[in-house]
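**Q** Have a look at this one.
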Protein chains: 2
Amino acid sequence: MPTKTYLSLLRQLASCYQAFESYSAGHIRSLGLTPAQFDLIVTLGNTAGMNFKELGEKTLITKGTLTGVVDRLVAKGLVRRLASATDGRSQVVQLTEKGAALFARVFPAHLEHLKPAFARFGSSDLEQAEATLLRLRQAFEEARGRGN
Amino acid sequence: MPTKTYLSLLRQLASCYQAFESYSAGHIRSLGLTPAQFDLIVTLGNTAGMNFKELGEKTLITKGTLTGVVDRLVAKGLVRRLASATDGRSQVVQLTEKGAALFARVFPAHLEHLKPAFARFGSSDLEQAEATLLRLRQAFEEARGRGN
DNA sequence: TATTGTTATACTCTATAACTATA
DNA sequence: TATAGTTATAGAGTATAACAATA
């Protein structure tokens, strides 16, 4: 396999993600949230809440950072901390009423913001693209698992 | 088009990029560089240098941030600033001998690190994946250009 | 007047590790 | 001993805007 080929694929992946991020982040910031904060709100949306460990696994934010991100969302009144009923060391983070209302308002709005980008994609295009990305992701995860 | 479909494609894109980033960033940090610094070194590699404006366009780092990133690379002795010959306001950033030597050593090593992930991709797989990402990227750029 | 790069401000995220309270 | 979350530290990227020098 020629080096040049996978290198240009990687460049495309990075450019594509950056294009998505820059398109998406502009809208998120206009809501007064950072991408990490939005990620947390969306992860907590339509759930009864979850502890820091689960939240860290889903968002890929490490626990030290997570404390700070949650602090800022608490300060905005969007989430609250509750003691876990089953584990005295553990806390549950959940959306407040205000946070749930924000989620209910901004998540659909964010999807509407993203939707026009897919105007020319039919459902088979979408499925094919998703399959390609899945395969690529698994390739990285396997290589990582092999300790490369 | 069902909302669910493009949403899951976007999740795949984010997961895929994160898998790449985490696989790639580990290696970059082991070289004592941050991803942004590595990006700059690679961008400047095999060139005679470029000014801040060009550098910002290629790396998508805004000019305010760029001053700081370049400062840190200057402190490491990897790049230098030169006054532009043609524009008194402008400066050219170029790799020092030490920076060029680092580039010559780490860029191929980084490609070797990435290569095993593509073990099961044939050249038609790579081309197809690249075409998919290109199409997706253009969709975001067009939507952004339309001011969505 | 517009552009290039610097500086300043204030915030946010990252990595790491020591620490506490509980399991 | 191990785990959940907090705190502390130091560094790095982000957005924004004001600014000096030059075009």
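How things are named: the first chain in the structure tokens is A, the next is B, and so on; residues count from 1 in each chain; ligands count from 1 in the order shown.
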Would you list which chain B residues are within 8 Å of chain C using only C-alpha atoms (C1' of nucleotides), as a PyMOL selection string?

**A** chain B and resi 52-53+63+67+89-91

**Q** What would the file look like if the residues just selected were written as a PDB file, in the first residue's frame with all heavy atoms?

**A**
ATOM      1  N   PHE B  52       2.619  34.330   8.766  1.00  0.00           N
ATOM      2  CA  PHE B  52       1.564  33.954   9.709  1.00  0.00           C
ATOM      3  C   PHE B  52       0.220  33.758   9.021  1.00  0.00           C
ATOM      4  O   PHE B  52      -0.557  32.895   9.401  1.00  0.00           O
ATOM      5  CB  PHE B  52       1.445  35.018  10.804  1.00  0.00           C
ATOM      6  CG  PHE B  52       2.443  34.831  11.909  1.00  0.00           C
ATOM      7  CD1 PHE B  52       3.768  35.170  11.738  1.00  0.00           C
ATOM      8  CD2 PHE B  52       2.054  34.281  13.126  1.00  0.00           C
ATOM      9  CE1 PHE B  52       4.703  34.981  12.763  1.00  0.00           C
ATOM     10  CE2 PHE B  52       2.971  34.094  14.151  1.00  0.00           C
ATOM     11  CZ  PHE B  52       4.291  34.439  13.971  1.00  0.00           C
ATOM     12  N   LYS B  53      -0.018  34.579   8.031  1.00  0.00           N
ATOM     13  CA  LYS B  53      -1.314  34.470   7.374  1.00  0.00           C
ATOM     14  C   LYS B  53      -1.491  33.123   6.689  1.00  0.00           C
ATOM     15  O   LYS B  53      -2.491  32.431   6.883  1.00  0.00           O
ATOM     16  CB  LYS B  53      -1.470  35.609   6.346  1.00  0.00           C
ATOM     17  CG  LYS B  53      -2.891  35.745   5.872  1.00  0.00           C
ATOM     18  CD  LYS B  53      -3.025  36.763   4.761  1.00  0.00           C
ATOM     19  CE  LYS B  53      -4.466  36.762   4.264  1.00  0.00           C
ATOM     20  NZ  LYS B  53      -4.595  37.485   2.990  1.00  0.00           N
ATOM     21  N   LYS B  63      -4.882  33.813  14.271  1.00  0.00           N
ATOM     22  CA  LYS B  63      -3.620  34.542  14.381  1.00  0.00           C
ATOM     23  C   LYS B  63      -3.193  34.821  15.814  1.00  0.00           C
ATOM     24  O   LYS B  63      -2.016  34.748  16.136  1.00  0.00           O
ATOM     25  CB  LYS B  63      -3.643  35.825  13.560  1.00  0.00           C
ATOM     26  CG  LYS B  63      -4.688  36.847  13.986  1.00  0.00           C
ATOM     27  CD  LYS B  63      -4.646  38.085  13.089  1.00  0.00           C
ATOM     28  CE  LYS B  63      -5.623  39.130  13.592  1.00  0.00           C
ATOM     29  NZ  LYS B  63      -5.566  40.379  12.828  1.00  0.00           N
ATOM     30  N   THR B  67       0.541  33.204  17.324  1.00  0.00           N
ATOM     31  CA  THR B  67       1.678  33.872  17.956  1.00  0.00           C
ATOM     32  C   THR B  67       2.189  33.033  19.132  1.00  0.00           C
ATOM     33  O   THR B  67       3.393  32.806  19.257  1.00  0.00           O
ATOM     34  CB  THR B  67       1.257  35.268  18.459  1.00  0.00           C
ATOM     35  OG1 THR B  67       0.869  36.055  17.334  1.00  0.00           O
ATOM     36  CG2 THR B  67       2.400  35.966  19.168  1.00  0.00           C
ATOM     37  N   ARG B  89       5.409  44.526   7.216  1.00  0.00           N
ATOM     38  CA  ARG B  89       4.539  44.122   8.321  1.00  0.00           C
ATOM     39  C   ARG B  89       4.634  42.638   8.605  1.00  0.00           C
ATOM     40  O   ARG B  89       4.197  42.157   9.648  1.00  0.00           O
ATOM     41  CB  ARG B  89       3.070  44.404   7.965  1.00  0.00           C
ATOM     42  CG  ARG B  89       2.743  45.828   7.691  1.00  0.00           C
ATOM     43  CD  ARG B  89       1.375  45.935   7.055  1.00  0.00           C
ATOM     44  NE  ARG B  89       1.304  45.155   5.812  1.00  0.00           N
ATOM     45  CZ  ARG B  89       0.218  45.089   5.040  1.00  0.00           C
ATOM     46  NH1 ARG B  89      -0.888  45.727   5.375  1.00  0.00           N
ATOM     47  NH2 ARG B  89       0.239  44.382   3.938  1.00  0.00           N
ATOM     48  N   SER B  90       5.199  41.931   7.624  1.00  0.00           N
ATOM     49  CA  SER B  90       5.086  40.479   7.624  1.00  0.00           C
ATOM     50  C   SER B  90       6.347  39.775   8.103  1.00  0.00           C
ATOM     51  O   SER B  90       7.458  40.278   7.938  1.00  0.00           O
ATOM     52  CB  SER B  90       4.758  40.041   6.194  1.00  0.00           C
ATOM     53  OG  SER B  90       4.437  38.689   6.137  1.00  0.00           O
ATOM     54  N   GLN B  91       6.147  38.619   8.710  1.00  0.00           N
ATOM     55  CA  GLN B  91       7.271  37.801   9.126  1.00  0.00           C
ATOM     56  C   GLN B  91       7.124  36.414   8.543  1.00  0.00           C
ATOM     57  O   GLN B  91       6.026  35.920   8.375  1.00  0.00           O
ATOM     58  CB  GLN B  91       7.297  37.670  10.645  1.00  0.00           C
ATOM     59  CG  GLN B  91       7.427  38.997  11.336  1.00  0.00           C
ATOM     60  CD  GLN B  91       7.927  38.829  12.747  1.00  0.00           C
ATOM     61  OE1 GLN B  91       8.904  38.149  12.983  1.00  0.00           O
ATOM     62  NE2 GLN B  91       7.246  39.437  13.685  1.00  0.00           N
TER      63      GLN B  91
END

**Q** Residues of chain B within 9 Å of chain D: nearest atom pair and distance (Å, one decimal) for each, counting only C-alpha atoms (C1' of nucleotides), sorted by chain and number, as a Markdown table?

**A**
| residue | atom | partner | partner_atom | distance |
| --- | --- | --- | --- | --- |
| B:Thr34 | CA | D:DA12 | C1' | 8.4 |
| B:Ala36 | CA | D:DG13 | C1' | 8.6 |
| B:Thr62 | CA | D:DT14 | C1' | 8.7 |
| B:Thr65 | CA | D:DG13 | C1' | 7.0 |
| B:Val69 | CA | D:DA12 | C1' | 8.6 |
| B:Asp87 | CA | D:DT22 | C1' | 7.9 |
| B:Gly88 | CA | D:DT22 | C1' | 6.0 |
| B:Arg89 | CA | D:DT22 | C1' | 5.4 |
| B:Ser90 | CA | D:DT22 | C1' | 9.0 |

**Q** What residues in chain A have any atom no more than 9 Å from chain B when counting only C-alpha atoms, and can you write them as a VMD selection string?

**A** chain A and resid 1 to 3 5 to 10 12 to 20 22 to 23 60 111 to 123 125 to 144 148

**Q** Going by DSSP on the backbone, which residues of chain B come out as alpha helix (DSSP H)? List them as an MDAnalysis selection string.

**A** chainID B and resid 3:30 35:44 52:59 63:75 97:114 123:145

**Q** Could you tell me, as number ranges by chain, which residues of chain B DSSP assigns to strand (DSSP E) when given the backbone?

**A** B: 50-51, 79-83, 91-95
